[in-house]
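For reference, data.txt is printed below; it contains compact mmCIF, C-alpha atoms.
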# COMPACT_ATOMS: atom_id res chain seq x y z
CA MET W 14 42.84 101.46 227.64
CA LEU W 15 46.38 101.56 228.99
CA VAL W 16 46.90 104.73 231.03
CA LEU W 17 50.37 106.19 231.53
CA THR W 18 51.43 109.48 233.01
CA ARG W 19 54.20 111.44 231.29
CA ARG W 20 55.87 114.79 231.76
CA ALA W 21 57.11 117.10 229.03
CA GLY W 22 60.14 115.53 227.41
CA GLU W 23 59.07 111.96 228.21
CA SER W 24 57.91 109.40 225.64
CA VAL W 25 55.80 106.33 225.07
CA MET W 26 56.74 103.51 222.69
CA ILE W 27 54.10 101.58 220.81
CA GLY W 28 55.33 98.34 219.27
CA ASN W 29 58.89 98.55 218.03
CA ASP W 30 58.54 101.50 215.73
CA VAL W 31 56.17 104.14 217.06
CA ILE W 32 57.35 106.75 219.56
CA ILE W 33 55.11 109.44 221.01
CA THR W 34 56.85 112.23 222.88
CA VAL W 35 55.20 114.86 225.05
CA LEU W 36 56.94 118.00 223.77
CA GLU W 37 55.13 120.49 225.90
CA ALA W 38 52.33 120.38 228.42
CA ARG W 39 50.84 123.75 229.08
CA GLY W 40 47.55 123.84 230.92
CA GLU W 41 44.91 122.13 228.80
CA VAL W 42 47.00 121.90 225.65
CA ILE W 43 49.53 119.13 225.11
CA ARG W 44 51.91 119.13 222.16
CA LEU W 45 52.84 115.66 221.02
CA GLY W 46 55.60 114.59 218.67
CA ILE W 47 55.10 111.30 216.84
CA GLN W 48 57.72 109.18 215.11
CA ALA W 49 56.37 106.32 213.03
CA PRO W 50 57.37 104.34 209.95
CA ARG W 51 56.06 105.73 206.70
CA ASP W 52 53.42 103.05 206.22
CA VAL W 53 51.80 103.94 209.54
CA GLN W 54 49.39 106.84 209.23
CA VAL W 55 49.09 109.26 212.11
CA HIS W 56 45.99 111.44 212.38
CA ARG W 57 43.97 113.38 214.89
CA GLU W 58 41.30 110.89 215.85
CA GLU W 59 38.32 113.00 214.89
CA VAL W 60 39.79 113.62 211.43
CA TYR W 61 40.38 109.92 210.92
CA ARG W 62 36.85 109.04 212.02
CA GLU W 63 35.38 111.59 209.65
CA LEU W 64 37.46 110.24 206.79
CA GLN W 65 36.46 106.65 207.58
CA ALA W 66 32.81 107.68 207.57
CA ALA W 67 33.19 109.61 204.32
CA ASN W 68 34.87 106.64 202.62
CA ARG W 69 32.17 104.27 203.82
CA GLU W 70 29.49 106.59 202.54
CA ALA W 71 31.25 106.88 199.18
CA ALA W 72 31.84 103.15 198.77
CA SER W 73 29.89 101.17 196.21
CA PRO W 74 27.34 103.68 194.96
CA THR W 75 24.09 102.46 193.44
CA GLU W 76 23.64 102.39 189.67
CA ASP W 77 21.24 105.32 189.92
CA ALA W 78 23.87 107.34 191.73
CA VAL W 79 26.50 106.47 189.12
CA GLN W 80 24.10 107.58 186.37
CA ALA W 81 23.55 110.87 188.20
CA VAL W 82 27.29 111.56 188.31
CA THR W 83 27.72 110.62 184.65
CA ARG W 84 24.95 113.07 183.70
CA LEU W 85 26.63 115.72 185.82
CA LEU W 86 29.87 115.24 183.91
CA SER W 87 28.18 115.51 180.53
CA ALA W 88 26.50 118.73 181.61
CA GLU W 89 29.75 120.25 182.85
CA ASP W 90 31.55 119.34 179.65
CA ALA W 91 29.06 120.99 177.32
CA MET M 22 38.68 60.45 186.40
CA SER M 23 38.06 63.78 184.74
CA THR M 24 38.42 67.14 186.35
CA ARG M 25 35.74 69.69 185.68
CA THR M 26 37.46 72.99 185.07
CA ALA M 27 35.49 76.05 185.97
CA PHE M 28 35.08 78.36 183.03
CA ARG M 29 33.94 81.95 182.95
CA PRO M 30 30.99 82.62 180.70
CA ILE M 31 31.81 85.30 178.18
CA GLU M 32 29.60 87.85 179.88
CA ALA M 33 31.56 87.52 183.09
CA ILE M 34 34.83 88.04 181.24
CA LYS M 35 33.49 91.11 179.50
CA THR M 36 32.43 92.68 182.77
CA ASP M 37 35.31 91.57 185.00
CA PRO M 38 36.90 94.91 185.84
CA SER M 39 40.28 93.54 186.80
CA LEU M 40 41.03 91.57 183.64
CA GLY M 41 43.89 93.11 181.74
CA LEU M 42 44.09 96.22 183.89
CA PRO M 43 47.28 97.09 185.74
CA THR M 44 47.09 96.65 189.50
CA ILE M 45 47.44 99.57 191.84
CA THR M 46 48.90 98.73 195.24
CA MET M 47 47.89 100.77 198.26
CA ALA M 48 50.96 101.95 200.18
CA VAL M 49 48.50 102.58 203.01
CA PRO M 50 44.96 101.16 202.89
CA MET M 51 42.02 103.53 202.68
CA PRO M 52 40.61 104.47 206.07
CA GLY M 53 37.65 102.20 206.76
CA PHE M 54 38.90 99.51 204.35
CA PRO M 55 42.06 98.00 205.82
CA ALA M 56 41.71 94.63 204.05
CA HIS M 57 41.76 96.06 200.54
CA ARG M 58 45.28 96.45 199.28
CA GLU M 59 44.97 96.10 195.51
CA PHE M 60 42.76 98.04 193.17
CA VAL M 61 42.22 98.63 189.48
CA LEU M 62 41.00 101.81 187.84
CA VAL M 63 38.04 101.10 185.59
CA ARG M 64 37.15 103.85 183.18
CA LEU M 65 33.44 104.73 183.31
CA ASN M 66 33.40 107.71 180.98
CA ASP M 67 34.89 107.98 177.48
CA ASP M 68 36.62 111.25 178.27
CA GLY M 69 38.52 109.83 181.25
CA LEU M 70 36.56 112.02 183.65
CA LEU M 71 35.11 109.27 185.84
CA TYR M 72 36.59 106.02 187.07
CA ALA M 73 35.61 103.23 189.43
CA PHE M 74 38.50 102.54 191.80
CA THR M 75 37.70 98.86 192.23
CA SER M 76 39.02 96.41 194.79
CA ILE M 77 40.56 93.24 193.41
CA GLU M 78 39.88 91.41 196.69
CA ASP M 79 36.17 92.22 196.30
CA PRO M 80 35.06 93.81 193.02
CA GLU M 81 31.77 94.80 194.68
CA LEU M 82 33.78 97.42 196.55
CA ARG M 83 34.43 100.40 194.37
CA PHE M 84 34.82 104.12 194.75
CA LEU M 85 33.84 106.64 192.13
CA VAL M 86 36.88 108.83 191.56
CA ALA M 87 37.64 111.66 189.20
CA PRO M 88 40.51 113.95 188.33
CA PRO M 89 39.56 117.16 190.19
CA GLU M 90 40.39 119.70 187.49
CA LEU M 91 36.99 119.91 185.78
CA PHE M 92 35.02 120.83 188.88
CA PHE M 93 37.78 122.31 191.00
CA PRO M 94 40.20 124.04 188.62
CA ASP M 95 42.03 125.85 191.44
CA TYR M 96 42.53 122.73 193.52
CA ALA M 97 46.30 122.32 193.80
CA PRO M 98 47.18 120.71 197.10
CA GLU M 99 50.77 120.46 198.29
CA ILE M 100 51.94 116.88 198.49
CA GLU M 101 54.47 116.24 201.25
CA ASN M 102 57.75 114.32 200.92
CA GLU M 103 56.40 111.54 203.13
CA VAL M 104 53.94 110.72 200.36
CA PHE M 105 56.74 110.54 197.77
CA ALA M 106 58.57 108.13 200.06
CA ALA M 107 55.51 105.94 200.61
CA LEU M 108 54.80 105.76 196.87
CA ASN M 109 58.47 105.29 195.84
CA THR M 110 58.10 108.39 193.70
CA LYS M 111 61.00 109.27 191.39
CA ASP M 112 59.22 112.00 189.41
CA PRO M 113 56.51 114.08 191.13
CA ASP M 114 55.07 115.02 187.72
CA ARG M 115 53.97 111.42 187.38
CA LEU M 116 51.63 111.72 190.36
CA LEU M 117 47.94 111.69 189.56
CA LEU M 118 45.31 113.12 191.90
CA LEU M 119 41.88 111.54 192.10
CA VAL M 120 39.13 112.72 194.38
CA VAL M 121 36.61 110.32 195.89
CA ILE M 122 33.05 111.13 194.91
CA THR M 123 30.04 110.47 197.09
CA ALA M 124 27.24 110.07 194.60
CA ALA M 125 23.60 110.56 195.38
CA VAL M 126 20.72 111.31 193.08
CA ASP M 127 20.15 114.73 194.63
CA GLU M 128 23.66 115.83 195.50
CA THR M 129 27.12 114.71 194.52
CA THR M 130 30.17 115.71 196.54
CA ALA M 131 33.91 115.27 196.24
CA ASN M 132 36.33 114.70 199.09
CA LEU M 133 38.89 117.48 198.73
CA LEU M 134 40.38 116.87 202.15
CA ALA M 135 41.72 113.43 201.29
CA PRO M 136 42.54 112.86 197.63
CA ILE M 137 43.92 109.58 196.37
CA VAL M 138 47.43 110.16 195.09
CA LEU M 139 48.63 107.64 192.51
CA ASP M 140 52.17 107.34 191.16
CA ARG M 141 51.76 106.20 187.58
CA ASP M 142 55.27 104.73 187.46
CA SER M 143 55.37 102.77 190.70
CA MET M 144 51.60 102.08 190.53
CA ARG M 145 51.38 102.72 194.25
CA ALA M 146 48.69 104.89 195.75
CA MET M 147 47.42 106.24 199.03
CA GLN M 148 44.68 108.48 200.27
CA VAL M 149 46.46 111.58 201.57
CA VAL M 150 44.81 113.64 204.30
CA LEU M 151 45.56 117.32 203.80
CA SER M 152 45.62 118.08 207.54
CA GLY M 153 45.16 121.69 208.44
CA SER M 154 44.22 122.69 204.90
CA GLY M 155 40.61 123.47 205.78
CA MET M 156 39.51 121.59 202.67
CA PRO M 157 36.01 120.15 202.78
CA VAL M 158 35.33 116.45 203.03
CA ARG M 159 32.17 117.08 201.04
CA ALA M 160 32.59 119.70 198.36
CA VAL M 161 29.43 119.98 196.30
CA MET M 162 29.85 119.14 192.65
CA ASN M 163 26.42 119.94 191.36
CA ARG M 164 24.53 123.10 191.96
CA THR M 165 20.80 123.44 191.75
CA TYR M 166 19.79 126.99 191.07
Target format structure tokens, applied to this file:
Amino acid sequence: MLVLTRRAGESVMIGNDVIITVLEARGEVIRLGIQAPRDVQVHREEVYRELQAANREAASPTEDAVQAVTRLLSAEDA
Amino acid sequence: MSTRTAFRPIEAIKTDPSLGLPTITMAVPMPGFPAHREFVLVRLNDDGLLYAFTSIEDPELRFLVAPPELFFPDYAPEIENEVFAALNTKDPDRLLLLVVITAAVDETTANLLAPIVLDRDSMRAMQVVLSGSGMPVRAVMNRTY
């Protein structure tokens, strides 16, 4: 991991297009501003990890599972 | 010298999900699946209530998705301008929301925190994370009383 020290108002550039700016550093809480191109997603890490895990869990369900969902839909419709 | 041309047996053609279906391009790949950029939406239910969002790169990879209205009639997330830009959206009414379903025999849940947003005109899509909304990643769809 690359470690840099910044003060409020200072920035870090990642690649050519991503800029992270320390807006405010107050005690334990740091406010960051992020500029990135629109095809680069920016997320709090723990949110991203949870989403990754949820997608992996959802991916390629078994036939039994698909049947269960189909039954669920028929029930809801009735 | 003759060339043997590979041919698809009729069963394979009948079950190939990508044949004839319009391709959806991911403006941003789904978290956890960065290599999969093109998908097709295969209808699984006659009423259009359940689809398999299937990868063209690997048809074994598919996500069960559904329009959220039937189970979550009040679900009406705000979609930010950044999403319109990423999807080249001209008309926001042409956006379709699909929620990813995690199916299990005992419990089925929908991801309300990160719906897939599809622009039906540009045929571009992305999974949008509704940060700060408090929406559940696993909202239960079936209830056992």
Quick one: of M:Ala135, M:Gly155, M:Val161, M:Asp140, who's nearest to Ala48 in chain M, counting only C-alpha atoms? M:Asp140
Shell around range 52-55 of chain W at 12 Å using all atoms listed in the file, local window under 3 positions removed, as a PyMOL selection string: (chain W and resi 27-28+30-33+45-49+58-61) or (chain M and resi 47-52+55+103-109+146-150+152)
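Across the model, the gap from CA of Phe92 in chain M to CA of Ser87 in chain W is 12.0 Å.
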Polymer residues at most 12 Å from (39.1, 91.7, 192.1) by only C-alpha atoms, as a compact mmCIF listing (two decimals) with C-alpha atoms, in the frame of the given file:
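The result, stored in result.txt:
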# COMPACT_ATOMS: atom_id res chain seq x y z
CA THR M 36 32.43 92.68 182.77
CA ASP M 37 35.31 91.57 185.00
CA PRO M 38 36.90 94.91 185.84
CA SER M 39 40.28 93.54 186.80
CA LEU M 40 41.03 91.57 183.64
CA GLY M 41 43.89 93.11 181.74
CA LEU M 42 44.09 96.22 183.89
CA PRO M 43 47.28 97.09 185.74
CA THR M 44 47.09 96.65 189.50
CA ILE M 45 47.44 99.57 191.84
CA HIS M 57 41.76 96.06 200.54
CA ARG M 58 45.28 96.45 199.28
CA GLU M 59 44.97 96.10 195.51
CA PHE M 60 42.76 98.04 193.17
CA VAL M 61 42.22 98.63 189.48
CA LEU M 62 41.00 101.81 187.84
CA VAL M 63 38.04 101.10 185.59
CA PHE M 74 38.50 102.54 191.80
CA THR M 75 37.70 98.86 192.23
CA SER M 76 39.02 96.41 194.79
CA ILE M 77 40.56 93.24 193.41
CA GLU M 78 39.88 91.41 196.69
CA ASP M 79 36.17 92.22 196.30
CA PRO M 80 35.06 93.81 193.02
CA GLU M 81 31.77 94.80 194.68
CA LEU M 82 33.78 97.42 196.55
CA ARG M 83 34.43 100.40 194.37
Mind listing as a PyMOL selection string which residues of chain W are within 9 Å of chain M, counting all atoms listed in the file? chain W and resi 51-54+56-57+60-75+77-83+85-86+89-90
Can you tell me how far CA of Val25 in chain W sits from CA of Gly40 in chain W, in Å to one decimal? 20.2 Å
Separation of CA of Leu139 in chain M from CA of Arg84 in chain W, in Å and rounded to one decimal: 25.8 Å
Can you pull out the residues contacting range 15-22 of chain W? Cut-off 6 Å, using all atoms listed in the file, and skip same-chain residues under 4 positions away; I want them as a PyMOL selection string. chain W and resi 35-38
